[in-house]
Structure formats: C-alpha cells, structure tokens
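Trainee: mmCIF, C-alpha atoms, file entry18.cif:
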data_final
loop_
_atom_site.label_atom_id
_atom_site.label_comp_id
_atom_site.auth_asym_id
_atom_site.auth_seq_id
_atom_site.Cartn_x
_atom_site.Cartn_y
_atom_site.Cartn_z
CA MET A 1 -106.46 11.34 -93.09
CA THR A 2 -103.49 9.03 -92.74
CA ASP A 3 -102.23 7.52 -95.99
CA VAL A 4 -102.65 3.76 -95.76
CA GLN A 5 -101.71 2.89 -99.33
CA HIS A 6 -98.26 1.72 -98.25
CA LEU A 7 -99.89 -0.79 -95.90
CA LEU A 8 -102.01 -2.48 -98.55
CA PRO A 9 -100.96 -5.79 -100.12
CA CYS A 10 -100.78 -6.34 -103.85
CA PRO A 11 -104.27 -6.88 -105.31
CA GLU A 12 -103.01 -10.25 -106.59
CA PRO A 13 -100.45 -12.52 -104.90
CA VAL A 14 -96.85 -11.61 -105.69
CA ARG A 15 -95.45 -14.05 -108.21
CA PHE A 16 -92.24 -14.38 -110.18
CA MET A 17 -92.69 -17.73 -111.96
CA ASP A 18 -95.62 -19.79 -113.15
CA GLU A 19 -96.31 -23.49 -112.60
CA ALA A 20 -93.97 -24.41 -115.46
CA GLY A 21 -91.05 -22.55 -113.88
CA THR A 22 -91.21 -19.73 -116.43
CA LEU A 23 -90.81 -16.13 -115.34
CA VAL A 24 -94.10 -14.26 -115.48
CA PRO A 25 -93.97 -11.25 -117.81
CA GLY A 26 -95.71 -8.17 -116.45
CA GLY A 27 -98.69 -8.55 -114.15
CA PRO A 28 -97.95 -9.37 -110.51
CA GLY A 29 -94.31 -10.09 -111.32
CA GLU A 30 -93.86 -6.56 -112.63
CA LEU A 31 -95.82 -5.15 -109.70
CA ALA A 32 -93.57 -7.10 -107.33
CA THR A 33 -90.53 -5.44 -108.81
CA GLU A 34 -92.18 -2.02 -108.48
CA ARG A 35 -92.79 -2.76 -104.79
CA GLY A 36 -89.12 -3.53 -104.25
CA TYR A 37 -89.14 -7.32 -104.32
CA ALA A 38 -86.04 -8.50 -106.11
CA LEU A 39 -85.85 -11.86 -107.87
CA PRO A 40 -83.44 -13.94 -105.74
CA SER A 41 -80.10 -15.06 -107.14
CA ASP A 42 -79.57 -18.55 -108.55
CA ASP A 43 -77.43 -19.44 -105.55
CA ASP A 44 -80.17 -18.45 -103.12
CA LEU A 45 -82.76 -20.39 -105.09
CA LEU A 46 -80.51 -23.44 -105.25
CA ALA A 47 -80.31 -23.36 -101.46
CA VAL A 48 -84.11 -23.20 -101.26
CA TRP A 49 -84.49 -26.02 -103.78
CA ARG A 50 -82.09 -28.30 -101.89
CA ALA A 51 -83.79 -27.60 -98.56
CA MET A 52 -87.20 -28.34 -100.10
CA VAL A 53 -86.03 -31.65 -101.58
CA LEU A 54 -84.55 -32.75 -98.25
CA GLY A 55 -87.56 -31.42 -96.36
CA ARG A 56 -90.04 -33.33 -98.49
CA ARG A 57 -88.09 -36.58 -98.07
CA PHE A 58 -88.12 -36.00 -94.31
CA ASP A 59 -91.85 -35.30 -94.48
CA SER A 60 -92.65 -38.49 -96.41
CA GLN A 61 -90.51 -40.54 -94.04
CA ALA A 62 -92.25 -39.03 -91.01
CA THR A 63 -95.61 -39.86 -92.59
CA ALA A 64 -94.46 -43.47 -93.02
CA LEU A 65 -93.34 -43.61 -89.38
CA THR A 66 -96.89 -42.87 -88.23
CA LYS A 67 -98.12 -45.90 -90.18
CA GLN A 68 -95.45 -48.01 -88.50
CA GLY A 69 -96.53 -46.87 -85.03
CA ARG A 70 -93.35 -44.91 -84.36
CA LEU A 71 -95.17 -41.58 -84.18
CA ALA A 72 -98.46 -40.90 -82.43
CA VAL A 73 -99.46 -38.33 -85.05
CA TYR A 74 -97.86 -36.37 -87.88
CA PRO A 75 -99.23 -33.28 -89.68
CA SER A 76 -97.66 -33.31 -93.13
CA SER A 77 -96.70 -30.08 -94.86
CA ARG A 78 -96.18 -31.61 -98.33
CA GLY A 79 -97.24 -29.04 -100.89
CA GLN A 80 -96.40 -26.16 -98.56
CA ASP A 81 -92.68 -26.77 -99.03
CA ALA A 82 -91.81 -23.27 -100.25
CA CYS A 83 -93.58 -21.65 -97.29
CA GLN A 84 -91.87 -24.06 -94.92
CA VAL A 85 -88.33 -23.59 -96.19
CA ALA A 86 -87.76 -20.21 -97.86
CA PRO A 87 -88.67 -17.92 -94.92
CA VAL A 88 -86.52 -19.94 -92.49
CA LEU A 89 -83.50 -19.37 -94.74
CA THR A 90 -83.87 -15.60 -94.23
CA LEU A 91 -83.26 -15.87 -90.47
CA ALA A 92 -80.09 -14.35 -89.03
CA GLU A 93 -78.23 -15.75 -86.04
CA GLN A 94 -79.96 -13.47 -83.53
CA ASP A 95 -83.49 -14.06 -84.87
CA TRP A 96 -86.15 -16.24 -83.26
CA PHE A 97 -88.55 -18.64 -84.98
CA PHE A 98 -92.05 -19.50 -83.69
CA PRO A 99 -93.51 -22.57 -85.45
CA THR A 100 -96.87 -24.32 -85.37
CA TYR A 101 -97.45 -28.05 -85.05
CA ARG A 102 -97.34 -28.43 -88.86
CA ASP A 103 -93.91 -26.87 -89.31
CA SER A 104 -91.62 -29.86 -88.80
CA MET A 105 -90.16 -29.41 -92.27
CA ALA A 106 -89.27 -25.83 -91.36
CA LEU A 107 -87.47 -27.02 -88.24
CA VAL A 108 -85.35 -29.40 -90.31
CA ALA A 109 -84.54 -26.54 -92.69
CA ARG A 110 -83.56 -24.55 -89.58
CA GLY A 111 -80.86 -27.16 -88.95
CA ILE A 112 -82.51 -28.96 -86.03
CA ASP A 113 -81.89 -32.70 -85.71
CA PRO A 114 -84.86 -34.53 -87.36
CA VAL A 115 -85.18 -36.93 -84.42
CA GLU A 116 -85.38 -33.98 -82.03
CA VAL A 117 -88.01 -32.45 -84.30
CA LEU A 118 -90.17 -35.58 -84.04
CA THR A 119 -89.71 -36.08 -80.30
CA LEU A 120 -92.90 -34.15 -79.53
CA LEU A 121 -94.92 -36.18 -82.04
CA ARG A 122 -93.51 -39.44 -80.68
CA GLY A 123 -94.60 -38.43 -77.20
CA ASP A 124 -91.23 -38.41 -75.41
CA TRP A 125 -91.11 -34.73 -74.46
CA HIS A 126 -93.08 -31.57 -75.04
CA CYS A 127 -90.10 -30.36 -77.08
CA GLY A 128 -87.13 -32.40 -78.25
CA TYR A 129 -84.71 -29.54 -78.96
CA ASP A 130 -83.28 -26.73 -76.86
CA PRO A 131 -85.34 -23.60 -77.65
CA VAL A 132 -82.70 -21.20 -76.33
CA ALA A 133 -79.76 -22.82 -78.15
CA THR A 134 -81.70 -23.01 -81.44
CA ARG A 135 -83.62 -19.73 -80.95
CA THR A 136 -86.68 -21.73 -81.92
CA ALA A 137 -89.78 -21.88 -79.76
CA PRO A 138 -91.47 -25.24 -79.15
CA GLN A 139 -93.96 -26.27 -81.81
CA CYS A 140 -97.32 -24.82 -80.83
CA THR A 141 -100.46 -26.96 -81.05
CA PRO A 142 -103.04 -24.47 -79.68
CA LEU A 143 -103.98 -22.19 -82.55
CA ALA A 144 -102.35 -18.74 -82.64
CA THR A 145 -100.90 -18.71 -79.12
CA GLN A 146 -97.38 -18.64 -80.57
CA SER A 147 -98.20 -15.32 -82.27
CA VAL A 148 -98.47 -13.62 -78.89
CA HIS A 149 -95.19 -15.23 -77.82
CA ALA A 150 -93.57 -13.95 -81.01
CA ALA A 151 -94.83 -10.41 -80.49
CA GLY A 152 -93.48 -10.40 -76.93
CA ALA A 153 -90.14 -11.85 -77.92
CA ALA A 154 -89.81 -9.31 -80.74
CA TYR A 155 -90.52 -6.46 -78.33
CA GLY A 156 -87.96 -7.88 -75.92
CA MET A 157 -85.33 -7.98 -78.67
CA LYS A 158 -86.16 -4.39 -79.57
CA ARG A 159 -85.64 -3.29 -75.97
CA ARG A 160 -82.31 -5.13 -75.82
CA GLY A 161 -81.26 -3.60 -79.12
CA ASN A 162 -79.79 -6.82 -80.50
CA GLY A 163 -81.26 -6.34 -83.99
CA GLY A 164 -83.24 -9.57 -83.82
CA VAL A 165 -86.52 -10.33 -85.57
CA ALA A 166 -89.20 -12.85 -84.58
CA LEU A 167 -90.57 -14.90 -87.47
CA CYS A 168 -93.94 -16.45 -86.63
CA TYR A 169 -95.76 -19.04 -88.73
CA ILE A 170 -99.57 -19.03 -88.63
CA GLY A 171 -102.23 -21.18 -90.28
CA ASP A 172 -105.26 -19.65 -91.96
CA GLY A 173 -107.50 -21.11 -89.23
CA ALA A 174 -105.45 -19.35 -86.58
CA THR A 175 -106.35 -15.94 -88.03
CA SER A 176 -109.85 -16.47 -86.60
CA GLU A 177 -108.44 -16.70 -83.07
CA GLY A 178 -108.25 -13.72 -80.72
CA ASP A 179 -104.58 -14.33 -79.94
CA PHE A 180 -103.67 -13.57 -83.56
CA HIS A 181 -105.35 -10.16 -83.42
CA GLU A 182 -103.91 -9.36 -80.00
CA ALA A 183 -100.43 -10.18 -81.30
CA LEU A 184 -100.84 -7.94 -84.37
CA ASN A 185 -102.14 -5.06 -82.29
CA PHE A 186 -99.40 -5.34 -79.66
CA ALA A 187 -96.65 -5.66 -82.28
CA ALA A 188 -97.99 -2.67 -84.20
CA VAL A 189 -98.44 -0.38 -81.20
CA PHE A 190 -94.97 -1.11 -79.83
CA GLU A 191 -93.36 -1.38 -83.30
CA ALA A 192 -92.00 -4.82 -82.46
CA PRO A 193 -89.75 -6.39 -85.11
CA ALA A 194 -91.99 -9.35 -85.92
CA VAL A 195 -92.92 -10.99 -89.20
CA PHE A 196 -96.16 -12.99 -89.21
CA LEU A 197 -96.40 -15.50 -92.09
CA VAL A 198 -99.87 -16.95 -92.68
CA GLN A 199 -99.73 -20.20 -94.61
CA ASN A 200 -103.19 -20.12 -96.15
CA ASN A 201 -103.73 -23.69 -97.33
CA GLY A 202 -107.45 -23.18 -97.74
CA TYR A 203 -108.67 -25.25 -94.80
CA ALA A 204 -108.73 -25.08 -91.02
CA ILE A 205 -108.74 -28.88 -90.75
CA SER A 206 -111.97 -29.32 -92.75
CA VAL A 207 -113.39 -25.78 -92.57
CA PRO A 208 -112.86 -23.93 -95.88
CA LEU A 209 -111.60 -20.36 -95.86
CA SER A 210 -114.96 -19.11 -97.15
CA LYS A 211 -116.51 -20.18 -93.83
CA GLN A 212 -113.91 -18.27 -91.83
CA SER A 213 -113.44 -14.88 -93.40
CA LYS A 214 -115.07 -12.48 -95.85
CA ALA A 215 -111.92 -10.37 -96.19
CA PRO A 216 -110.63 -9.95 -99.78
CA ALA A 217 -107.53 -11.78 -98.53
CA LEU A 218 -106.20 -12.58 -95.07
CA SER A 219 -103.32 -10.18 -95.69
CA TYR A 220 -105.78 -7.28 -95.48
CA LYS A 221 -106.25 -8.04 -91.78
CA GLY A 222 -102.94 -6.33 -91.06
CA VAL A 223 -104.09 -2.98 -92.43
CA GLY A 224 -106.58 -2.46 -89.61
CA TYR A 225 -103.71 -2.58 -87.13
CA GLY A 226 -101.44 -0.30 -89.14
CA ILE A 227 -99.20 -3.16 -90.27
CA ARG A 228 -97.54 -3.33 -93.67
CA SER A 229 -98.99 -6.41 -95.38
CA GLU A 230 -98.49 -8.52 -98.48
CA GLN A 231 -99.87 -11.59 -100.19
CA VAL A 232 -97.72 -14.00 -102.18
CA ASP A 233 -98.03 -17.12 -104.27
CA GLY A 234 -96.94 -19.60 -101.61
CA ASN A 235 -95.98 -22.20 -104.21
CA ASP A 236 -93.54 -19.85 -105.93
CA PRO A 237 -90.32 -20.29 -103.92
CA ALA A 238 -88.71 -17.23 -105.49
CA ALA A 239 -91.63 -14.99 -104.53
CA VAL A 240 -91.86 -16.40 -101.00
CA LEU A 241 -88.14 -15.85 -100.45
CA ALA A 242 -88.18 -12.33 -101.92
CA VAL A 243 -91.21 -11.13 -99.95
CA THR A 244 -90.08 -12.67 -96.67
CA ARG A 245 -86.60 -11.22 -97.09
CA ALA A 246 -88.10 -7.75 -97.64
CA ALA A 247 -90.38 -8.21 -94.61
CA MET A 248 -87.45 -9.22 -92.40
CA GLU A 249 -85.46 -6.19 -93.56
CA HIS A 250 -88.49 -3.98 -92.88
CA ALA A 251 -88.78 -5.27 -89.31
CA ARG A 252 -85.03 -5.24 -88.67
CA ALA A 253 -84.79 -1.61 -89.80
CA GLY A 254 -87.16 -0.57 -87.02
CA ASP A 255 -90.18 -0.03 -89.27
CA GLY A 256 -92.44 -2.30 -87.22
CA PRO A 257 -94.10 -5.65 -87.90
CA PHE A 258 -95.03 -7.14 -91.26
CA LEU A 259 -97.84 -9.55 -92.22
CA ILE A 260 -97.51 -11.97 -95.12
CA GLU A 261 -100.23 -14.24 -96.48
CA ALA A 262 -98.88 -17.12 -98.56
CA HIS A 263 -101.47 -18.89 -100.73
CA THR A 264 -100.63 -22.58 -100.73
CA TYR A 265 -102.13 -26.05 -100.20
CA ARG A 266 -101.44 -29.15 -98.13
CA LEU A 267 -101.55 -32.19 -100.39
CA GLU A 268 -101.91 -34.68 -97.56
CA ALA A 269 -104.71 -34.90 -95.00
CA HIS A 270 -104.69 -32.63 -91.95
CA THR A 271 -102.98 -35.44 -89.99
CA ASN A 272 -102.84 -39.21 -90.27
CA ALA A 273 -106.09 -39.24 -88.23
CA ASP A 274 -107.99 -37.18 -90.82
CA ASP A 275 -110.02 -38.27 -93.85
CA ALA A 276 -109.60 -35.37 -96.26
CA THR A 277 -111.88 -36.97 -98.89
CA ARG A 278 -114.86 -35.94 -96.75
CA TYR A 279 -114.36 -32.25 -97.45
CA ARG A 280 -112.34 -31.86 -100.66
CA THR A 281 -112.31 -33.48 -104.09
CA LYS A 282 -109.67 -35.47 -105.93
CA GLU A 283 -109.86 -32.89 -108.72
CA GLU A 284 -108.95 -30.09 -106.33
CA VAL A 285 -105.96 -32.00 -105.01
CA ALA A 286 -104.82 -32.87 -108.54
CA GLN A 287 -105.00 -29.22 -109.55
CA TRP A 288 -102.69 -28.24 -106.71
CA GLN A 289 -100.33 -31.13 -107.43
CA GLY A 290 -99.71 -29.38 -110.74
CA ARG A 291 -98.48 -26.35 -108.79
CA ASP A 292 -95.75 -28.25 -106.95
CA PRO A 293 -93.17 -25.72 -105.68
CA ILE A 294 -90.25 -28.16 -106.00
CA VAL A 295 -91.05 -29.04 -109.62
CA ARG A 296 -91.58 -25.37 -110.44
CA LEU A 297 -88.24 -24.22 -109.07
CA GLN A 298 -86.32 -27.22 -110.39
CA ARG A 299 -87.54 -26.55 -113.93
CA TYR A 300 -86.55 -22.91 -113.63
CA LEU A 301 -83.05 -23.74 -112.43
CA LEU A 302 -82.56 -26.48 -115.03
CA ASP A 303 -83.64 -24.16 -117.84
CA ARG A 304 -81.16 -21.51 -116.64
CA GLY A 305 -78.32 -24.02 -116.44
CA ALA A 306 -77.91 -23.33 -112.74
CA LEU A 307 -78.83 -26.96 -112.00
CA ASP A 308 -78.07 -30.20 -113.79
CA GLN A 309 -79.21 -33.80 -113.47
CA ALA A 310 -76.04 -34.83 -111.64
CA ARG A 311 -76.82 -32.34 -108.86
CA VAL A 312 -80.46 -33.47 -108.78
CA ASP A 313 -79.31 -37.06 -108.30
CA GLU A 314 -76.83 -35.99 -105.63
CA VAL A 315 -79.41 -34.14 -103.54
CA THR A 316 -81.93 -36.94 -104.04
CA ALA A 317 -79.37 -39.38 -102.64
CA GLU A 318 -78.73 -36.99 -99.76
CA GLY A 319 -82.43 -37.08 -99.00
CA GLU A 320 -82.46 -40.88 -99.01
CA ALA A 321 -79.53 -40.93 -96.59
CA LEU A 322 -81.38 -38.51 -94.30
CA ALA A 323 -84.46 -40.75 -94.39
CA ALA A 324 -82.44 -43.90 -93.70
CA ASP A 325 -80.75 -42.30 -90.72
CA LEU A 326 -84.10 -41.06 -89.42
CA ARG A 327 -85.63 -44.55 -89.75
CA ALA A 328 -82.75 -46.19 -87.95
CA ARG A 329 -82.77 -43.78 -85.02
CA MET A 330 -86.56 -43.63 -84.70
CA ASN A 331 -86.70 -47.42 -84.57
CA LEU A 332 -84.66 -47.35 -81.36
CA GLU A 333 -86.78 -47.37 -78.24
CA PRO A 334 -86.42 -44.04 -76.42
CA GLU A 335 -84.87 -44.06 -72.98
CA VAL A 336 -87.32 -42.71 -70.44
CA ARG A 337 -86.88 -41.93 -66.75
CA PRO A 338 -89.77 -41.28 -64.36
CA SER A 339 -87.78 -38.40 -62.87
CA GLU A 340 -88.10 -36.56 -66.19
CA LEU A 341 -91.62 -35.64 -65.11
CA PHE A 342 -90.14 -33.06 -62.77
CA GLU A 343 -87.42 -31.62 -64.98
CA HIS A 344 -87.78 -28.22 -66.65
CA VAL A 345 -91.07 -27.48 -64.85
CA TYR A 346 -89.69 -24.63 -62.73
CA SER A 347 -86.20 -23.15 -62.65
CA THR A 348 -86.41 -23.55 -58.86
CA PRO A 349 -88.64 -26.52 -57.97
CA THR A 350 -91.45 -25.85 -55.51
CA PRO A 351 -91.55 -27.75 -52.21
CA GLN A 352 -94.50 -29.79 -53.49
CA LEU A 353 -92.64 -30.70 -56.66
CA ARG A 354 -89.55 -31.75 -54.71
CA GLU A 355 -91.72 -33.90 -52.45
CA GLN A 356 -93.32 -35.60 -55.43
CA ALA A 357 -89.93 -36.15 -57.07
CA HIS A 358 -88.57 -37.81 -53.91
CA MET A 359 -91.62 -40.05 -53.72
CA VAL A 360 -91.24 -41.19 -57.34
CA ALA A 361 -87.48 -41.72 -56.86
CA ALA A 362 -88.15 -43.91 -53.83
CA GLU A 363 -90.71 -45.98 -55.73
CA GLU A 364 -88.30 -46.31 -58.66
CA ALA A 365 -85.51 -47.49 -56.35
CA GLN A 366 -87.83 -50.03 -54.78
CA VAL A 367 -88.71 -51.45 -58.19
CA MET A 368 -85.07 -51.55 -59.29
CA HIS A 369 -83.86 -53.33 -56.15
CA GLY A 370 -86.84 -55.56 -55.55
#
What is this structure when it is put down as structure tokens?
Mentor:
Amino acid sequence: MTDVQHLLPCPEPVRFMDEAGTLVPGGPGELATERGYALPSDDDLLAVWRAMVLGRRFDSQATALTKQGRLAVYPSSRGQDACQVAPVLTLAEQDWFFPTYRDSMALVARGIDPVEVLTLLRGDWHCGYDPVATRTAPQCTPLATQSVHAAGAAYGMKRRGNGGVALCYIGDGATSEGDFHEALNFAAVFEAPAVFLVQNNGYAISVPLSKQSKAPALSYKGVGYGIRSEQVDGNDPAAVLAVTRAAMEHARAGDGPFLIEAHTYRLEAHTNADDATRYRTKEEVAQWQGRDPIVRLQRYLLDRGALDQARVDEVTAEGEALAADLRARMNLEPEVRPSELFEHVYSTPTPQLREQAHMVAAEEAQVMHG
C-alpha cells in the first residue's frame, strides 16, 4: 500500500498567530514548524502588511465606485486580504498567476495598474492588462475554468524547463465544479508545477459550505489525486505566506502540484448586487471582523518593534493617494472605438471578421463625415 501520510493536511489549519497578533504556543503552530513551515521574517511580513493596507484601500474605493455608477459590478475581497496578498508576493518573475473575478486586490498586489484591473468590471474590455507582459491570466468569472488553464500552463512551463510555477486562486464554490477536479487530476498525473489556493470564505454566493461538501476539509480533496495538500488559517498572514512559499518551492522543485485551503471570510456581500443579510447573520460577520488579518499582523509587528506609528501613518497616506488617483482616472470617460470589437479576436483575422470590420469602419466614417 502506498504511504499517503505525506499528502494529508494538518488536522487543524496551520496557524502562527492568534487574533490578537500573539504567537500561538504549541498546537498547530508547533505542528506547522514540524512540517517545515518557517515563520516569515519581519521584513517579509512588513511587505505583506503594506500590500494589505494598500489593497484594502483600493478595495473600499472600488466598492464606492460601484455606488457612483463608475463600475458595473465589484466583488469585494475585504476580509480575505491575507489570502489575496501573501501568495502573490511569493511569485517569481517566470511564474504565472490565474485569478478569479474576486481577486482584484491580488492583481494590485501583483503590481498591475488599478485602472487596468477595473477595466473588466467597468465594461471597457474583457481584460484591461496585458496577460503575457504581466504573466497574469484574465480574471475568470466562470467557476473553476481557470484551474484547467493553470494546470495546462504549468505543464507547458515544465516542458520548456523554465522553472516557472502556476499559482491558481479558487473559491470554495468552485471546488464543486468538474473543471477543478480535472485540473487536479491532470496536474497530478503529469506532475505539473501548479499551486491551487482555495479561498474558503464559507459561501458560494449564498450557499454555505455544509451544502456543498461533506469532506473534513476541502484540502482533503487533493489526497484522492495524489496531491500534497494543506489547510491554513487564511486570516493569519504569516501562516498564509509560509505555507504558500513552501508549496511554491515544492512545485518548483519538480515534486508536482500542491493544494492549499485557506479558511477565511468575505466581510462584504458577494457583489454590490447581493443582499448578504438573507443568508448570514450580523453576529457571524462581527465574529469574523474580530479576526481581521490586517489588525492581527499590525499588532504583531508593533509589539515586536518592527513597525511604528509613523510608518503606519505613512502607508495609510500612501493608500489615500492611491485611492485619489484611482478616483480621478476612473472619473474620466473611457475612449472607445467600434473597431475594438475586432481586435485580439484571432491572431490572423478570418475573412468574415475582416468583412465585418470593413463594414463597421465604413459606417463609422459615414457618421464622422456626415
């Protein structure tokens, strides 16, 4: 019988610090160390903290833009800040990132222009940034389809031998989709260097996890495919960073894919079109507000003397400047051209597409010149 113990996740989510920002003695923290997860350095955690502060300010500004009619829709990731930011900071230059529709904060942490991030949600383009230049796939709205893309891209990088890893974000609802399981199986069989990060926020829109899966944890789903798996406290930035870093190293070393389940919570509604009060209580939300990943890490860093109030004020001001710039540029009307309909459809346009483009160009010229 094959030994599968090394595939199993921790029985409890990996955790280094509690809600108060205090290191956890023994328990999962000790088990994490035994499993080779090292507590990140202060410098690394400061980078995560800064990116979370900026990311949350971006997120709140984007939420406000929907209310002002500047965005058609916006899925907030407030509360999932550690899951959004920390894994992205583990990416190397040659790695690829495959986000979902909720991962706008992660794209900002990736260094993508916030206006380009919101272009999809404003309705200008299907993707506002260059996927090849940024090594970031377009945000994926259909559930789990990006997991198959990630598995294929990871296998392609393996064949090229460039040492790249594909990091794929998944929601808990997406684990009920066939594409998710096909991606895990393909990645496992071909030992593709892919890391699948499930952000388990407890709800697939309004459907609670208990109505989706009877598994002890979603991380156990990887074991059936022969994939090393782990579960982590998704609101502990140190644990998320440590586990993801280990997973990326595992994949990069040629040891195959890795599945991570991060237990977290979205504090806002599913989108601005959702009424979350219909399926969850104020008490539940308040409980998770007390587990805020930014507050947790900030307290830890302040207590260690790695962070002071002057730096807090500086990064807060940086966030306000980011929000002001985003407001100003999003308030400009986008320039649109009818000919854009035909761009980036095929590398070599079909005869039918060329015919349609000529027809639209002629109509546009007629309008312009009366």
Trainee: Give me the residues of segment 32-99 of chain A that have any atom at most 7 Å from an atom of segment 257-269 of chain A; for each, the nearest atom pair and the distance in Å, rounded to one decimal. Use only C-alpha atoms, sort by chain and number, and format it as a tab-separated table.
Mentor:
residue	atom	partner	partner_atom	distance
A:Ser76	CA	A:Glu268	CA	6.3
A:Ser77	CA	A:Arg266	CA	5.8
A:Arg78	CA	A:Leu267	CA	5.8
A:Gly79	CA	A:Arg266	CA	5.0
A:Gln80	CA	A:Arg266	CA	5.9
Trainee: Can you measure atom CA of Glu249 of chain A to atom CA of Val165 of chain A for me? One decimal in Å is fine.
Mentor: 9.1 Å
Trainee: Can you list, as a ChimeraX atom specification, the residues that the PyMOL selection byres ((chain A and resi 5) around 12) selects here?
Mentor: /A:1-4,6-11,35,220,223,226-230
Trainee: Provide the atom CA of Glu116 of chain A to atom CA of Ser104 of chain A distance in Å, to one decimal place.
Mentor: 10.1 Å
Trainee: Starting from the PyMOL selection byres ((chain A and resi 97) around 6), expand the selection into actual residues of this file and give them as a PyMOL selection string.
Mentor: chain A and resi 96+98+136+166-167
Trainee: Which one of A:Ala310, A:Ala154, A:Leu143, A:Ala187 sits closest to Gly171 of chain A if you count all atoms listed in the file?
Mentor: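 Among the listed residues, A:Leu143 lies closest to Gly171 of chain A.
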Trainee: From the list A:Trp125, A:Tyr101, A:Tyr155, A:Trp49, which residue is nearest Val336 of chain A when using only C-alpha atoms?
Mentor: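 Nearest candidate to Val336 of chain A out of A:Trp125, A:Tyr101, A:Tyr155, A:Trp49: A:Trp125.
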